[in-house]
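Trainee: Here's a structure for you.
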Amino acid sequence: MRAYILKRIGLGLVVVLGVVLVTFVIARLVPGDPAVAWVGLHATPREIQQARHTLGLDRPLYAQIVTYVKGVASGNWGTSIHTKRPVLSDIGSRAAASLELVVTAMLLALALGIPLGLVSARWHGRLPDLLVRLGAVVGVSMPTFWMAMILQLVFFQRLGLLPVAGEYDPSVAYLNPLVLYTHVPVIDALLNGNWPMLQSSLTHLVMPAVVVAAYPMAVIARMVRASILDSLGEDHIRMVRALGFSERAVFGRFALKSTLNPVLAVTALVFAYSLASTFLVEAIFDWPGLGMYAADSIRSLDTPAIIGVTLLVALVYVGSNLIVDIAQAIIDPRIRLN
Amino acid sequence: MSEVAITTRSRGVARLARKNPLLAWGALVAAALIVVALAAPLIAPHPQDAGSTMHPAATLQSPSRAHPFGTDMYGRDELSRVVYGARVSLSVAGLVLIIAVAIGVPLGIAAGYFGGVVDNIIMRVTDVFLAFPALLLSLALVSVLGPSVRNAVLAISVTWWPWYTRLARGQAASVRGRQFIESCRALGVPRFRMLWRHVLPNSVTPLIVQVSLDAGGVILTAAALSFLGLGAQDPTPEWGLMVSQGQDFFTTQWWLVTFPGIAILITAMAFNLMGDGLREVLDPKRVLTR
């Protein structure tokens, strides 16, 4: 068990190193001289030379790579050209809003995706199955940014049911000030016992969370369906059926267990995906998280910031995969013996 | 004789459609989209509006008989642009998948067949590229390379090949120990010929399934890049770009956002349905992981 975990961590570190190298290469693909970009177009050759030295561009490539990797490891992710602040602290100040959105979306996706997949497998080949499968295809085929705008059109503009943008209503926040503990409005409002703010932040969360949840929900529903159908052919399920357990128990108690591992794996995968989809969604909902930061950075061609966010999402992906690998090995001993 | 063959075949198609309606619908719509893309000049009511034409007197008109999808901020017919958009999206998807297969499959077969160090190196590199969600890595690449359709194709291809490496590796590894490969080796068939003639054909079925599943994903990624301003540029009639251009007007001029978005949704759905259905028919054992 311990050997397995150490091996996983070792492989994870190799991938992390590779990820950092890829971002180094991307940063180097910028057309033109980074030194010129640093000092501006009207700099003298002396100033450019100075900039080359400051940026370390006059050193051999391997030395630059070592410096870069060390920098990333010690939290120096470069300086944003646009905000003029360290990229990592920019990221830190926006992570809470994105986490609030993505975690809510993942909970929503799991809460709906698992029952839908179960229903689909239980009535395999019949109408409920067809509907869930069709719904799942719609979920994975939906252009996220378009869904966001259409929901705004329907639920804000036409029906006036939900607010259009932001994390909460600023006027509600002005009348009911929050003491900030976590910088996540929903949690802070709960901790404060501030009901108007709780209501405002929850209603603001609904639309963006539904949009981010669409893709993971579809993927989870498919995964649950596929692994239940798979497990139905296995001996222990045939045994349970032969013993006369009701179909309800066969699906809900026995077959559902076999979905635990695949659902864990797919959740780790779509978690990173959902972080990436906030790049499209947050700007539309004026949600002050990483996605909006990334969209702003793209607009202002702020390469260090774009690369910083890219690196972060890739690290989150590797990390969540590692956690899932270890969790799976704990749950299912067959994996660690393999 | 030939008549008999035709009736049995069409009966086969009909039976397939009844047994697997989602596959039939997906394939039908995908075929229709390809026809639309090829015949765009014949279908679009105002073919010149797919380019940089401007009609200052007819801007932002709501859908009418003359312009079923309305007109955009330059007075261009939205329906014509949506029709021409099929060309852009389908050719982007086609190019990306060709490049991804061309890079990914040989690497995967090499990894699976040779095993050992080769396998280890190739698969670790693959793991690194798979750690980036497709949208993210392609977005970072295009933002440094500069926005254009060509760069978007390149960037998406860079993010997509590892899936094919993984797929081909699994296939190659599974045939490696089989008897016919052993006999090839005993007969002294050259290595390259053996890989090309005997290992590769065994990967074709899952490859077809994967390509049709991925077409939808590539189209969505390309549209997202264009939506962020990193793909096609005006006047190219790209669906993602059209949604993004309509964003400024969408509370009042809803049609500019709605129709190109529906086009993206339908296209991605068609390929996903087809891929799903094909998997169920051709490759039922493989469980969906993505």
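Please note that chains go A, B, ... in the order of the structure tokens, that every chain numbers its residues from 1, and that ligands are numbered from 1 in the order shown.
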Return as a VMD selection string the full set of residues in segment 8-244 of chain A whose backbone-based DSSP assignment is helix (DSSP H, G or I).
Mentor: chain A and resid 8 to 28 34 to 39 45 to 54 61 to 73 87 to 122 127 to 141 144 to 158 170 to 175 185 to 192 195 to 232 235 to 242
Trainee: Mind checking which residues fall within 12 Å of Ala39 of chain B, counting only C-alpha atoms, ignoring those fewer than 5 positions away in the same chain, and posting them as a ChimeraX atom specification?
Mentor: /B:32-34,44-45,47,80,83-84,86-87
Trainee: Limited to N, CA and C atoms, could you put the picked residues into a file as a CSV table (one decimal), in the first residue's frame?
Mentor:
```csv
chain,number,residue,atom,x,y,z
B,32,ALA,N,-26.2,15.6,-43.3
B,32,ALA,CA,-26.9,16.8,-43.8
B,32,ALA,C,-26.0,18.0,-43.6
B,33,LEU,N,-25.2,18.1,-42.5
B,33,LEU,CA,-24.4,19.2,-42.2
B,33,LEU,C,-23.2,19.3,-43.2
B,34,ILE,N,-22.7,18.1,-43.6
B,34,ILE,CA,-21.6,18.0,-44.6
B,34,ILE,C,-22.1,18.5,-45.9
B,44,ALA,N,-27.3,29.2,-49.2
B,44,ALA,CA,-27.3,30.5,-48.5
B,44,ALA,C,-28.1,31.5,-49.5
B,45,PRO,N,-29.0,32.2,-48.9
B,45,PRO,CA,-29.8,33.2,-49.7
B,45,PRO,C,-28.9,34.4,-50.2
B,47,PRO,N,-25.0,34.7,-50.5
B,47,PRO,CA,-23.7,34.1,-50.3
B,47,PRO,C,-22.6,35.2,-50.0
B,80,SER,N,-27.3,33.2,-44.0
B,80,SER,CA,-26.2,32.9,-44.9
B,80,SER,C,-24.9,32.7,-44.1
B,83,VAL,N,-25.0,29.3,-42.4
B,83,VAL,CA,-24.8,28.2,-43.4
B,83,VAL,C,-23.3,28.1,-43.8
B,84,TYR,N,-22.6,29.2,-44.0
B,84,TYR,CA,-21.2,29.2,-44.3
B,84,TYR,C,-20.4,28.8,-43.1
B,86,ALA,N,-20.8,26.4,-41.3
B,86,ALA,CA,-20.7,24.9,-41.3
B,86,ALA,C,-19.3,24.5,-41.9
B,87,ARG,N,-19.0,25.3,-43.0
B,87,ARG,CA,-17.7,25.0,-43.7
B,87,ARG,C,-16.5,25.2,-42.7
```
Trainee: Where does segment 53-122 of chain B meet segment 228-233 of chain B within 12 Å, residue by residue, with the nearest atom pair and distance in Å to one decimal for each, counting only C-alpha atoms, listed by chain and rising number, as CSV?
Mentor:
```
residue,atom,partner,partner_atom,distance
B:Gly85,CA,B:Ala232,CA,10.7
B:Val88,CA,B:Ala232,CA,8.9
B:Ser89,CA,B:Ala232,CA,10.2
B:Val92,CA,B:Ala232,CA,10.5
```
Trainee: For those residues, write N, CA and C atoms to a file as a CSV table (one decimal), in the first residue's frame.
Mentor:
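Contents of the output file result_33.csv:
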```csv
chain,number,residue,atom,x,y,z
B,85,GLY,N,-20.9,29.0,-42.0
B,85,GLY,CA,-20.2,28.6,-40.7
B,85,GLY,C,-19.9,27.1,-40.7
B,88,VAL,N,-16.5,26.3,-42.0
B,88,VAL,CA,-15.4,26.6,-41.1
B,88,VAL,C,-15.3,25.6,-40.0
B,89,SER,N,-16.5,25.3,-39.3
B,89,SER,CA,-16.4,24.4,-38.2
B,89,SER,C,-16.0,23.0,-38.6
B,92,VAL,N,-12.3,22.8,-39.7
B,92,VAL,CA,-11.4,22.9,-38.5
B,92,VAL,C,-11.4,21.5,-37.8
```
Trainee: Mind checking which residues fall within 10 Å of segment 99-109 of chain B, counting only C-alpha atoms, ignoring those fewer than 6 positions away in the same chain, and posting them as an MDAnalysis selection string?
Mentor: chainID B and resid 115 118:119 122:123 126 153:154 156:173 195:196 199:200 203 207 211
Trainee: Choose the residue, out of A:Tyr293, A:Tyr62, A:Tyr181, A:Phe271, that has the smallest atom-to-atom separation from Ala213 of chain A; count only C-alpha atoms.
Mentor: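 Ranked by minimum distance to Ala213 of chain A, first place goes to A:Phe271.
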Trainee: Would you kindly report the residues of chain B within 6 Å of chain A, using only C-alpha atoms, as a list in words?
Mentor: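 Applying the cut-off to the listed atoms yields Val128, Ala131, Phe132, Pro133, Val144, Gly261, Leu265, Ala268 and Met269 of chain B.
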Trainee: Would you kindly return, as a ChimeraX atom specification, each protein, DNA or RNA residue with an atom no farther than 7 Å from any atom of segment 16-29 of chain B, considering only C-alpha atoms and excluding same-chain residues fewer than 5 positions away?
Mentor: /B:270-271,273-274,277-278
Trainee: Atom CA of Leu175 of chain A and atom CA of Pro208 of chain A, how far apart in Å?
Mentor: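 Between atom CA of Pro208 of chain A and atom CA of Leu175 of chain A the gap works out to 24.7 Å.
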Trainee: May I ask for the distance between atom CA of Met242 of chain B and atom CA of Pro260 of chain B, given in Å to one decimal place?
Mentor: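 Computing the Euclidean distance for atom CA of Met242 of chain B and atom CA of Pro260 of chain B yields 6.5 Å.
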